[in-house]
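Have a look at input_33.txt below; it lists compact mmCIF, C-alpha atoms.
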# COMPACT_ATOMS: atom_id res chain seq x y z
CA MET A 105 67.57 -0.05 89.61
CA ALA A 106 69.52 -1.98 86.95
CA LYS A 107 70.07 -5.65 87.66
CA ILE A 108 73.50 -7.23 87.25
CA VAL A 109 72.86 -10.75 85.97
CA GLY A 110 76.51 -11.86 86.04
CA GLY A 111 79.95 -11.76 84.51
CA ILE A 112 81.56 -13.85 81.79
CA ALA A 113 85.30 -13.93 81.04
CA THR A 114 86.60 -15.62 77.91
CA SER A 115 89.57 -15.85 75.59
CA HIS A 116 89.28 -13.95 72.29
CA VAL A 117 91.93 -15.62 70.09
CA PRO A 118 91.61 -14.53 66.41
CA ALA A 119 91.83 -18.16 65.24
CA ILE A 120 88.36 -18.60 66.76
CA GLY A 121 87.06 -16.36 63.96
CA ARG A 122 88.62 -18.64 61.36
CA ALA A 123 87.18 -21.73 63.05
CA ILE A 124 83.70 -20.20 63.05
CA ALA A 125 84.01 -19.17 59.38
CA ARG A 126 85.07 -22.70 58.41
CA ASP A 127 82.48 -24.47 60.64
CA GLN A 128 85.22 -26.30 62.56
CA GLN A 129 83.59 -26.18 66.00
CA ALA A 130 83.19 -29.97 66.13
CA ASP A 131 86.72 -30.76 64.89
CA PRO A 132 88.84 -32.62 67.47
CA TYR A 133 91.16 -29.58 67.81
CA TRP A 134 88.29 -27.14 68.49
CA LYS A 135 85.65 -29.28 70.21
CA PRO A 136 87.09 -28.97 73.77
CA PHE A 137 86.93 -25.20 73.39
CA PHE A 138 83.54 -24.69 71.68
CA ASP A 139 81.76 -27.34 73.76
CA GLY A 140 82.57 -25.19 76.79
CA PHE A 141 80.04 -22.64 75.56
CA ALA A 142 76.95 -24.89 75.58
CA PRO A 143 76.35 -24.27 79.31
CA VAL A 144 76.94 -20.56 78.69
CA HIS A 145 74.18 -20.48 76.09
CA ARG A 146 71.81 -22.21 78.51
CA TRP A 147 72.77 -19.73 81.24
CA LEU A 148 72.19 -16.76 78.92
CA GLU A 149 68.68 -18.01 78.18
CA THR A 150 67.74 -17.64 81.84
CA ALA A 151 69.91 -14.59 82.56
CA ARG A 152 68.40 -12.66 79.62
CA PRO A 153 70.74 -9.62 79.62
CA ASP A 154 69.60 -6.45 77.84
CA VAL A 155 72.99 -4.74 77.86
CA VAL A 156 76.57 -6.03 77.91
CA VAL A 157 79.41 -3.90 79.29
CA VAL A 158 82.48 -5.33 77.55
CA PHE A 159 85.95 -4.97 79.08
CA TYR A 160 88.45 -5.66 76.28
CA ASN A 161 91.72 -4.46 74.71
CA ASP A 162 92.03 -3.01 71.20
CA HIS A 163 94.84 -4.62 69.17
CA GLY A 164 95.59 -1.80 66.74
CA LEU A 165 92.26 -1.39 65.01
CA ASN A 166 90.51 1.57 66.60
CA PHE A 167 93.50 3.13 68.33
CA PHE A 168 97.06 3.73 67.16
CA LEU A 169 100.05 4.98 69.14
CA ASP A 170 99.37 8.54 68.01
CA LYS A 171 96.49 8.77 70.50
CA MET A 172 96.44 5.95 73.02
CA PRO A 173 93.99 6.11 75.88
CA THR A 174 94.60 4.13 79.05
CA PHE A 175 90.86 3.65 79.56
CA ALA A 176 88.29 4.43 76.84
CA VAL A 177 84.51 4.14 77.11
CA GLY A 178 82.34 3.99 73.99
CA ALA A 179 79.27 6.19 73.76
CA ALA A 180 78.38 5.52 70.12
CA PRO A 181 74.96 4.50 68.81
CA GLN A 182 76.54 1.56 66.97
CA TYR A 183 79.88 -0.25 66.78
CA ALA A 184 81.13 -1.90 63.60
CA ASN A 185 83.74 -4.60 63.44
CA ALA A 186 86.38 -4.04 60.70
CA ASP A 187 89.25 -5.60 58.76
CA GLU A 188 92.33 -6.19 60.93
CA GLY A 189 94.45 -7.68 58.15
CA TRP A 190 94.15 -11.36 59.06
CA GLY A 191 91.32 -12.56 56.84
CA ILE A 192 88.81 -13.09 59.64
CA PRO A 193 85.27 -12.33 58.45
CA GLN A 194 83.51 -9.43 60.13
CA VAL A 195 80.42 -9.81 62.30
CA PRO A 196 77.29 -7.61 62.16
CA PRO A 197 77.56 -4.26 63.96
CA PHE A 198 76.56 -3.97 67.60
CA PRO A 199 73.95 -1.49 68.82
CA GLY A 200 75.29 0.76 71.58
CA ASP A 201 73.50 1.63 74.80
CA GLN A 202 74.10 5.36 74.94
CA ASP A 203 72.06 5.85 78.13
CA LEU A 204 74.25 3.47 80.12
CA ALA A 205 77.38 4.73 78.36
CA TRP A 206 76.81 8.30 79.52
CA HIS A 207 75.80 7.19 83.00
CA LEU A 208 79.08 5.22 83.25
CA ILE A 209 81.08 8.16 81.94
CA ASP A 210 79.45 10.57 84.40
CA GLU A 211 80.00 8.23 87.35
CA LEU A 212 83.54 7.14 86.43
CA ILE A 213 84.87 10.63 85.86
CA GLY A 214 83.04 11.64 89.01
CA ALA A 215 84.99 8.90 90.76
CA ASP A 216 88.26 10.40 89.44
CA PHE A 217 88.91 7.99 86.56
CA ASP A 218 90.40 10.07 83.76
CA LEU A 219 88.65 8.46 80.79
CA THR A 220 88.75 8.92 77.07
CA THR A 221 85.20 8.96 75.68
CA CYS A 222 84.54 7.73 72.14
CA GLN A 223 81.43 8.72 70.21
CA GLU A 224 82.64 6.89 67.12
CA MET A 225 84.48 3.63 67.50
CA VAL A 226 85.20 0.39 65.67
CA VAL A 227 85.61 -2.76 67.71
CA ASP A 228 88.15 -5.50 67.01
CA HIS A 229 88.18 -9.29 67.41
CA ALA A 230 88.60 -8.93 71.15
CA LEU A 231 85.02 -7.70 71.39
CA ALA A 232 83.49 -9.27 68.28
CA LEU A 233 84.57 -12.89 68.74
CA PRO A 234 83.48 -13.29 72.38
CA MET A 235 80.10 -11.85 71.42
CA ALA A 236 79.93 -14.43 68.58
CA LEU A 237 80.83 -17.16 71.09
CA LEU A 238 77.98 -16.07 73.38
CA TRP A 239 75.49 -15.61 70.54
CA PRO A 240 76.57 -17.89 67.67
CA ASP A 241 73.70 -16.82 65.41
CA GLN A 242 75.22 -13.30 65.57
CA LYS A 243 71.75 -11.73 65.85
CA TRP A 244 72.72 -9.61 68.84
CA PRO A 245 69.80 -9.52 71.31
CA VAL A 246 71.66 -6.97 73.42
CA ARG A 247 73.13 -3.45 73.29
CA ILE A 248 76.74 -2.93 74.35
CA VAL A 249 79.00 -0.44 76.10
CA PRO A 250 82.69 -1.01 75.24
CA VAL A 251 85.28 -0.32 77.94
CA CYS A 252 88.70 -0.54 76.31
CA ILE A 253 91.85 -0.99 78.40
CA ASN A 254 95.29 -0.25 76.90
CA THR A 255 97.58 -3.28 76.67
CA VAL A 256 99.59 -2.06 73.68
CA GLN A 257 101.83 0.75 74.94
CA PHE A 258 103.69 0.40 78.25
CA PRO A 259 103.18 1.58 80.86
CA LEU A 260 99.85 -0.25 81.17
CA PRO A 261 97.39 0.59 83.93
CA SER A 262 98.17 -1.53 86.99
CA ALA A 263 96.18 -4.60 87.99
CA ARG A 264 95.15 -2.67 91.10
CA ARG A 265 93.85 0.16 88.93
CA CYS A 266 92.00 -2.15 86.53
CA HIS A 267 90.35 -3.85 89.51
CA ALA A 268 89.33 -0.42 90.83
CA LEU A 269 87.94 0.50 87.41
CA GLY A 270 85.83 -2.65 87.42
CA GLU A 271 84.56 -1.89 90.92
CA ALA A 272 83.60 1.63 89.85
CA VAL A 273 81.81 0.33 86.76
CA GLY A 274 79.88 -2.12 88.92
CA ARG A 275 78.89 0.63 91.34
CA ALA A 276 77.80 2.83 88.46
CA VAL A 277 75.62 0.09 86.97
CA ARG A 278 74.05 -0.61 90.36
CA SER A 279 73.16 3.10 90.66
CA TRP A 280 71.70 3.27 87.13
CA ASP A 281 68.03 4.28 87.28
CA SER A 282 66.82 1.68 84.83
CA ASP A 283 65.12 -1.70 84.82
CA GLN A 284 67.65 -3.11 82.34
CA ARG A 285 69.49 -6.41 82.95
CA VAL A 286 73.27 -5.96 82.63
CA LEU A 287 75.98 -8.53 81.88
CA PHE A 288 79.71 -7.87 82.24
CA LEU A 289 81.91 -9.53 79.63
CA GLY A 290 85.71 -9.50 79.94
CA THR A 291 87.91 -10.84 77.18
CA GLY A 292 91.48 -11.95 76.57
CA GLY A 293 94.02 -14.35 78.02
CA LEU A 294 94.72 -16.64 79.52
CA SER A 295 98.49 -17.22 79.53
CA HIS A 296 100.21 -16.75 76.19
CA GLN A 297 103.09 -14.98 74.46
CA LEU A 298 103.29 -14.27 70.73
CA ASP A 299 106.54 -12.30 70.59
CA GLY A 300 110.18 -12.85 71.40
CA GLU A 301 112.25 -15.95 72.01
CA ARG A 302 109.72 -16.87 74.70
CA ALA A 303 106.92 -17.14 72.10
CA GLY A 304 104.65 -20.06 72.93
CA PHE A 305 104.99 -19.51 76.69
CA ILE A 306 102.08 -20.94 78.68
CA ASN A 307 101.68 -21.13 82.46
CA LYS A 308 98.90 -23.53 83.42
CA ASP A 309 99.61 -23.36 87.17
CA PHE A 310 99.31 -19.60 87.22
CA ASP A 311 96.14 -19.63 85.08
CA LEU A 312 94.44 -22.13 87.39
CA ALA A 313 95.46 -20.14 90.47
CA PHE A 314 94.18 -16.95 88.83
CA MET A 315 90.78 -18.45 87.96
CA GLU A 316 90.46 -19.84 91.47
CA SER A 317 91.28 -16.41 92.91
CA LEU A 318 88.45 -14.78 90.97
CA VAL A 319 86.01 -16.86 93.00
CA HIS A 320 87.56 -16.73 96.48
CA ASP A 321 90.09 -13.85 96.58
CA PRO A 322 89.42 -11.44 93.70
CA ARG A 323 92.11 -8.97 94.71
CA TRP A 324 94.81 -11.67 94.62
CA ALA A 325 96.26 -10.69 91.22
CA THR A 326 96.42 -6.99 92.17
CA ARG A 327 99.52 -7.70 94.29
CA TYR A 328 101.56 -8.14 91.09
CA SER A 329 103.10 -5.38 88.98
CA ILE A 330 102.52 -5.45 85.25
CA PRO A 331 106.06 -6.74 84.53
CA GLU A 332 105.47 -9.49 87.13
CA LEU A 333 102.21 -10.44 85.42
CA VAL A 334 103.99 -10.52 82.04
CA GLU A 335 106.66 -12.73 83.56
CA LYS A 336 104.02 -15.10 84.99
CA ALA A 337 101.40 -15.10 82.22
CA GLY A 338 103.20 -13.94 79.07
CA THR A 339 103.23 -10.66 77.16
CA GLN A 340 99.63 -11.19 76.04
CA GLY A 341 98.63 -13.09 79.19
CA VAL A 342 98.50 -9.65 80.77
CA GLU A 343 95.00 -9.54 79.23
CA LEU A 344 93.89 -11.05 82.54
CA LEU A 345 93.45 -7.36 83.47
CA MET A 346 90.08 -7.53 81.69
CA TRP A 347 89.10 -10.61 83.71
CA LEU A 348 89.99 -8.72 86.89
CA ALA A 349 87.84 -5.73 85.94
CA THR A 350 84.91 -8.02 85.06
CA ARG A 351 85.10 -9.81 88.40
CA ALA A 352 85.46 -6.55 90.31
CA ALA A 353 82.31 -5.18 88.67
CA LEU A 354 80.29 -8.00 90.29
CA GLY A 355 80.99 -6.68 93.77
CA ASP A 356 82.53 -8.30 96.83
CA ALA A 357 81.09 -11.80 96.58
CA ALA A 358 80.45 -13.95 93.54
CA THR A 359 79.51 -17.55 92.79
CA GLU A 360 81.04 -19.57 89.99
CA VAL A 361 78.45 -21.07 87.63
CA HIS A 362 80.72 -22.60 84.99
CA ARG A 363 84.37 -22.89 84.04
CA ASN A 364 86.34 -24.30 81.09
CA TYR A 365 90.10 -24.33 80.48
CA HIS A 366 91.81 -25.85 77.45
CA ILE A 367 95.35 -25.76 76.05
CA PRO A 368 96.05 -24.89 73.28
CA ILE A 369 93.88 -22.70 71.10
CA SER A 370 96.45 -21.30 68.65
CA ASN A 371 99.25 -20.10 70.99
CA THR A 372 96.90 -19.54 73.92
CA ALA A 373 95.73 -21.29 77.06
CA SER A 374 92.03 -20.65 76.65
CA GLY A 375 89.85 -19.93 79.65
CA LEU A 376 86.16 -19.37 80.26
CA MET A 377 84.30 -18.47 83.45
CA VAL A 378 80.72 -17.56 84.26
CA LEU A 379 80.13 -15.86 87.61
CA GLU A 380 77.06 -14.48 89.35
CA PRO A 381 77.05 -11.75 91.99
CA ARG A 382 76.13 -12.94 95.47
CA GLY A 383 74.43 -10.91 98.19
CA MET B 171 110.67 3.37 84.98
CA THR B 172 113.22 0.57 84.52
CA MET B 173 111.75 -2.65 83.20
CA PRO B 174 112.96 -5.91 84.78
CA ASP B 175 114.59 -8.53 82.61
CA ILE B 176 112.12 -11.22 81.54
CA PRO B 177 113.83 -13.89 79.44
CA GLY B 178 112.99 -13.83 75.73
CA THR B 179 110.65 -10.88 76.23
CA THR B 180 110.58 -7.20 75.29
CA LEU B 181 108.12 -4.88 77.02
CA PHE B 182 106.98 -2.27 74.48
CA ASP B 183 107.91 0.82 76.50
CA GLY B 184 108.63 4.43 75.56
CA ALA B 185 112.11 3.59 74.29
CA CYS B 186 110.70 0.96 71.90
CA ALA B 187 107.92 3.31 70.86
CA ARG B 188 110.34 6.11 69.98
CA LYS B 189 112.59 3.73 68.05
CA GLY B 190 109.81 1.98 66.19
CA TYR B 191 107.24 4.70 65.42
CA ALA B 192 107.68 4.70 61.63
CA LEU B 193 107.61 0.90 61.40
CA ASN B 194 104.55 0.63 63.64
CA LYS B 195 102.74 3.38 61.76
CA MET B 196 103.38 1.58 58.49
CA CYS B 197 102.08 -1.70 59.89
CA TYR B 198 98.98 -0.01 61.34
CA SER B 199 98.14 1.12 57.79
CA PHE B 200 97.69 -2.56 56.84
CA ASN B 201 94.20 -2.61 58.36
CA SER B 202 93.27 -1.34 54.90
CA ARG B 203 93.12 -3.91 52.10
CA ASP B 204 94.13 -1.26 49.55
CA ASN B 205 97.23 -0.46 51.59
CA ARG B 206 98.17 -4.13 51.85
CA ALA B 207 97.90 -4.40 48.06
CA ALA B 208 100.02 -1.28 47.59
CA PHE B 209 102.73 -2.75 49.83
CA VAL B 210 102.77 -6.00 47.85
CA GLU B 211 102.93 -4.01 44.60
CA ASP B 212 105.88 -1.83 45.65
CA GLU B 213 107.37 -2.82 48.99
CA ALA B 214 110.42 -0.54 48.85
CA GLY B 215 108.35 2.47 47.83
CA TYR B 216 105.78 1.83 50.56
CA CYS B 217 108.45 1.54 53.24
CA ALA B 218 110.17 4.68 51.97
CA ARG B 219 106.93 6.67 52.22
CA TYR B 220 106.77 5.81 55.93
CA GLY B 221 110.41 6.72 56.48
CA LEU B 222 111.64 3.38 57.84
CA ASP B 223 115.25 3.46 59.04
CA GLU B 224 117.96 1.05 57.88
CA ALA B 225 117.41 -1.48 60.66
CA GLN B 226 113.66 -1.51 60.02
CA LEU B 227 114.12 -1.85 56.24
CA ALA B 228 116.51 -4.76 56.73
CA ALA B 229 114.13 -6.45 59.18
CA VAL B 230 111.18 -6.10 56.79
CA ARG B 231 113.26 -7.42 53.88
CA ALA B 232 114.40 -10.35 56.02
CA ARG B 233 110.81 -11.08 57.17
CA ASN B 234 112.41 -11.61 60.58
CA VAL B 235 110.22 -11.05 63.64
CA LEU B 236 112.98 -10.83 66.25
CA GLN B 237 114.74 -8.24 64.07
CA LEU B 238 111.49 -6.33 63.64
CA ILE B 239 110.98 -6.26 67.42
CA ALA B 240 114.60 -5.15 67.96
CA ALA B 241 113.94 -2.34 65.46
CA GLY B 242 111.08 -1.12 67.69
CA GLY B 243 108.16 -3.06 66.22
CA ASN B 244 105.12 -3.78 68.40
CA VAL B 245 103.70 -7.26 67.89
CA TYR B 246 100.11 -6.07 67.41
CA TYR B 247 101.12 -4.04 64.35
CA LEU B 248 103.72 -6.55 63.17
CA ALA B 249 100.95 -9.16 63.09
CA LYS B 250 99.30 -7.19 60.29
CA LEU B 251 102.56 -7.28 58.28
CA ALA B 252 102.77 -11.00 58.93
CA GLY B 253 99.21 -11.32 57.63
CA ILE B 254 100.34 -9.94 54.28
CA PHE B 255 102.94 -12.70 54.07
CA GLY B 256 100.29 -15.29 54.95
CA LEU B 257 101.98 -16.08 58.28
CA ASP B 258 99.97 -16.93 61.37
CA VAL B 259 101.11 -16.57 64.98
CA GLN B 260 102.42 -20.14 64.98
CA ASP B 261 104.63 -19.41 61.98
CA LEU B 262 105.93 -16.39 63.93
CA GLY B 263 106.40 -18.50 67.04
CA ALA B 264 108.34 -21.13 65.14
CA GLN B 265 110.59 -18.53 63.53
CA GLN B 266 111.33 -16.77 66.84
CA THR B 267 112.10 -19.98 68.73
CA GLY B 268 114.06 -21.68 65.96
CA LEU B 269 111.65 -24.63 65.88
CA THR B 270 109.68 -26.04 62.98
CA LYS B 271 105.99 -25.16 63.07
CA ASP B 272 105.15 -28.76 64.04
CA GLU B 273 107.71 -28.69 66.87
CA PHE B 274 106.30 -25.37 68.07
CA LYS B 275 102.74 -26.74 68.05
CA ALA B 276 103.88 -29.90 69.84
CA ARG B 277 105.41 -27.77 72.59
CA LEU B 278 102.08 -25.98 73.05
CA LEU B 279 100.30 -29.33 73.34
CA ALA B 280 102.86 -30.45 75.93
CA ALA B 281 101.91 -27.47 78.11
CA ALA B 282 98.45 -28.99 78.53
CA ARG B 283 99.72 -31.75 80.77

Whole structure given in structure tokens:
Amino acid sequence: MAKIVGGIATSHVPAIGRAIARDQQADPYWKPFFDGFAPVHRWLETARPDVVVVFYNDHGLNFFLDKMPTFAVGAAPQYANADEGWGIPQVPPFPGDQDLAWHLIDELIGADFDLTTCQEMVVDHALALPMALLWPDQKWPVRIVPVCINTVQFPLPSARRCHALGEAVGRAVRSWDSDQRVLFLGTGGLSHQLDGERAGFINKDFDLAFMESLVHDPRWATRYSIPELVEKAGTQGVELLMWLATRAALGDAATEVHRNYHIPISNTASGLMVLEPRG
Amino acid sequence: MTMPDIPGTTLFDGACARKGYALNKMCYSFNSRDNRAAFVEDEAGYCARYGLDEAQLAAVRARNVLQLIAAGGNVYYLAKLAGIFGLDVQDLGAQQTGLTKDEFKARLLAAAR
């Protein structure tokens, strides 16, 4: 059966792409953020994933409002990154794992998740930059399966539902008849708000409580409605939904291997966690 | 579904979507470099082709983010319009909060403590 090596959750701020392009990782502004990934690189060398299931949110690259899925799973042979209009350089395309993609689709729809399936898909900074943070040489040693969660058009899927999606993905991977090693990667957050008079909103206390909950009480955030999460974490802080799904995919118990939290990266409180399933 | 009042915050719900569709569709087109160039070349013509209403036209002309949001704009698409003007999210943050960019950045730093 497939082996789940762990889960990583990280911020995906577009400014990271500019910092990488300009080689600014050691600058005083960026160092506290990029240094947080050195232990992740060491961990990846022992974890050796073959496939990464990526929980992320598209920001108006692949999907527009004309057709907006709540949950979309990629089943393409390859995923290109593309121009989003902000001058961030693109990364090399990602190979897709179509075997796992179709197994996930079969299992998730079988578990009554009404998915959109995508056999052609481009992936935005929310997928591309975290992958570049994990593998800075950008020579992807893994295949991916994108799982895209809508955070653009309200109503969003609830935290409870995103947690359930993650659980179902985890179950599906554990039932996959394969000897592949699978990593879950969730991207976005932590607290931030780009729009409105409350632009620049950050909530350190809530972020710290949320990260702590992922270790000891992973259903904690599911008690909040989406508007409550927006109120507590900011309009874009609601991206913690991807962190929830990632944690849920690991199963009931997980151990924390590494954590980093740094304010600010652009307008965002940046977070990073590495977790391993336990038991 | 009624959305609760969160200070300084608009949730992009169905009402916003219906109001802002033309503006958001125009901004989504700015993923393409050719489209961005066409907008710069003839802004009024480009906006007219997408059928922006008066409020949206005024907001685009004013380069004003709060106005664009009030006209139904969704920040993920508006960010592509801002990219054309060479504005980053901290420029947008400063404009929306009435601070200078340095003041806005200082406030973010203060949140670290």

Cut-off 7 Å: closest region 171-282 of chain B/region 359-374 of chain A atom pairs per residue, using only C-alpha atoms, as a tab-separated table:
residue	atom	partner	partner_atom	distance
B:Gln260	CA	A:Asn371	CA	6.8
B:Leu278	CA	A:Pro368	CA	6.1
B:Leu279	CA	A:Pro368	CA	6.1
B:Ala282	CA	A:Ile367	CA	5.1

Quiz prompt | chain B contacts on chain A, all atoms listed in the file, 7 Å, as a PyMOL selection string | solution = chain A and resi 163-164+187-190+257-259+298-304+306+331+335+367-368+371

Quiz item: In terms of the shortest atom-to-atom distance over only C-alpha atoms, which of B:Ala208, B:Leu269, B:Ala218, B:Ala232 is closest to Ala192 (chain B)?
Solution: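 Comparing B:Ala208, B:Leu269, B:Ala218, B:Ala232 against Ala192 (chain B), the winner is B:Ala218.
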
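Atom pair CA of Thr255 (chain A) / CA of Leu345 (chain A): separated by 8.9 Å.
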
As lines of an AutoDock Vina configuration file, please report the centre and edge lengths, rounded to one decimal in Å, of the axis-aligned box that holds all listed atoms of region 302-312 of chain A with 5 Å of padding on each of the six sides.
center_x = 102.1
center_y = -20.2
center_z = 79.7
size_x = 25.3
size_y = 16.7
size_z = 25.3

Please identify all polymer residues within 12 Å of Asp216 (chain A), counting all atoms listed in the file, omitting same-chain residues fewer than 5 positions from it, and present them as a PDB file with C-alpha atoms, in the frame of the given file.
ATOM      1  CA  ILE A 209      81.080   8.160  81.940  1.00  0.00           C
ATOM      2  CA  ASP A 210      79.450  10.570  84.400  1.00  0.00           C
ATOM      3  CA  GLU A 211      80.000   8.230  87.350  1.00  0.00           C
ATOM      4  CA  ARG A 265      93.850   0.160  88.930  1.00  0.00           C
ATOM      5  CA  ALA A 268      89.330  -0.420  90.830  1.00  0.00           C
ATOM      6  CA  LEU A 269      87.940   0.500  87.410  1.00  0.00           C
ATOM      7  CA  ALA A 272      83.600   1.630  89.850  1.00  0.00           C
TER       8      ALA A 272
END

Quiz prompt | Distance of CA of Ala325 (chain A) from CA of Ile253 (chain A), expressed in Å to one decimal place | solution =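 Interatomic distance, CA of Ile253 (chain A) to CA of Ala325 (chain A): 16.7 Å.
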
Can you patch up region 230-245 of chain B, filling it in to N, CA and C atoms, and show the result as a PDB file, in the coordinates of the input?
ATOM      1  N   VAL B 230     112.328  -5.828  57.663  1.00  0.00           N
ATOM      2  CA  VAL B 230     111.180  -6.100  56.790  1.00  0.00           C
ATOM      3  C   VAL B 230     111.613  -6.991  55.627  1.00  0.00           C
ATOM      4  N   ARG B 231     112.754  -6.636  55.011  1.00  0.00           N
ATOM      5  CA  ARG B 231     113.260  -7.420  53.880  1.00  0.00           C
ATOM      6  C   ARG B 231     113.526  -8.849  54.308  1.00  0.00           C
ATOM      7  N   ALA B 232     114.045  -9.013  55.518  1.00  0.00           N
ATOM      8  CA  ALA B 232     114.400 -10.350  56.020  1.00  0.00           C
ATOM      9  C   ALA B 232     113.172 -11.122  56.505  1.00  0.00           C
ATOM     10  N   ARG B 233     112.043 -10.451  56.627  1.00  0.00           N
ATOM     11  CA  ARG B 233     110.810 -11.080  57.170  1.00  0.00           C
ATOM     12  C   ARG B 233     111.121 -11.703  58.530  1.00  0.00           C
ATOM     13  N   ASN B 234     111.941 -11.023  59.326  1.00  0.00           N
ATOM     14  CA  ASN B 234     112.410 -11.610  60.580  1.00  0.00           C
ATOM     15  C   ASN B 234     111.789 -10.894  61.781  1.00  0.00           C
ATOM     16  N   VAL B 235     111.001 -11.650  62.558  1.00  0.00           N
ATOM     17  CA  VAL B 235     110.220 -11.050  63.640  1.00  0.00           C
ATOM     18  C   VAL B 235     111.107 -10.524  64.767  1.00  0.00           C
ATOM     19  N   LEU B 236     112.098 -11.303  65.165  1.00  0.00           N
ATOM     20  CA  LEU B 236     112.980 -10.830  66.250  1.00  0.00           C
ATOM     21  C   LEU B 236     113.696  -9.540  65.837  1.00  0.00           C
ATOM     22  N   GLN B 237     114.108  -9.472  64.570  1.00  0.00           N
ATOM     23  CA  GLN B 237     114.740  -8.240  64.070  1.00  0.00           C
ATOM     24  C   GLN B 237     113.743  -7.088  64.077  1.00  0.00           C
ATOM     25  N   LEU B 238     112.514  -7.370  63.677  1.00  0.00           N
ATOM     26  CA  LEU B 238     111.490  -6.330  63.640  1.00  0.00           C
ATOM     27  C   LEU B 238     111.227  -5.797  65.050  1.00  0.00           C
ATOM     28  N   ILE B 239     111.189  -6.686  66.035  1.00  0.00           N
ATOM     29  CA  ILE B 239     110.980  -6.260  67.420  1.00  0.00           C
ATOM     30  C   ILE B 239     112.171  -5.432  67.890  1.00  0.00           C
ATOM     31  N   ALA B 240     113.393  -5.894  67.555  1.00  0.00           N
ATOM     32  CA  ALA B 240     114.600  -5.150  67.960  1.00  0.00           C
ATOM     33  C   ALA B 240     114.626  -3.761  67.324  1.00  0.00           C
ATOM     34  N   ALA B 241     113.986  -3.631  66.152  1.00  0.00           N
ATOM     35  CA  ALA B 241     113.940  -2.340  65.460  1.00  0.00           C
ATOM     36  C   ALA B 241     112.799  -1.459  65.986  1.00  0.00           C
ATOM     37  N   GLY B 242     112.121  -1.914  67.033  1.00  0.00           N
ATOM     38  CA  GLY B 242     111.080  -1.120  67.690  1.00  0.00           C
ATOM     39  C   GLY B 242     109.664  -1.515  67.310  1.00  0.00           C
ATOM     40  N   GLY B 243     109.497  -2.638  66.626  1.00  0.00           N
ATOM     41  CA  GLY B 243     108.160  -3.060  66.220  1.00  0.00           C
ATOM     42  C   GLY B 243     107.348  -3.580  67.387  1.00  0.00           C
ATOM     43  N   ASN B 244     106.059  -3.257  67.392  1.00  0.00           N
ATOM     44  CA  ASN B 244     105.120  -3.780  68.400  1.00  0.00           C
ATOM     45  C   ASN B 244     104.343  -4.927  67.761  1.00  0.00           C
ATOM     46  N   VAL B 245     104.236  -6.026  68.479  1.00  0.00           N
ATOM     47  CA  VAL B 245     103.700  -7.260  67.890  1.00  0.00           C
ATOM     48  C   VAL B 245     102.297  -7.094  67.317  1.00  0.00           C
TER      49      VAL B 245
END
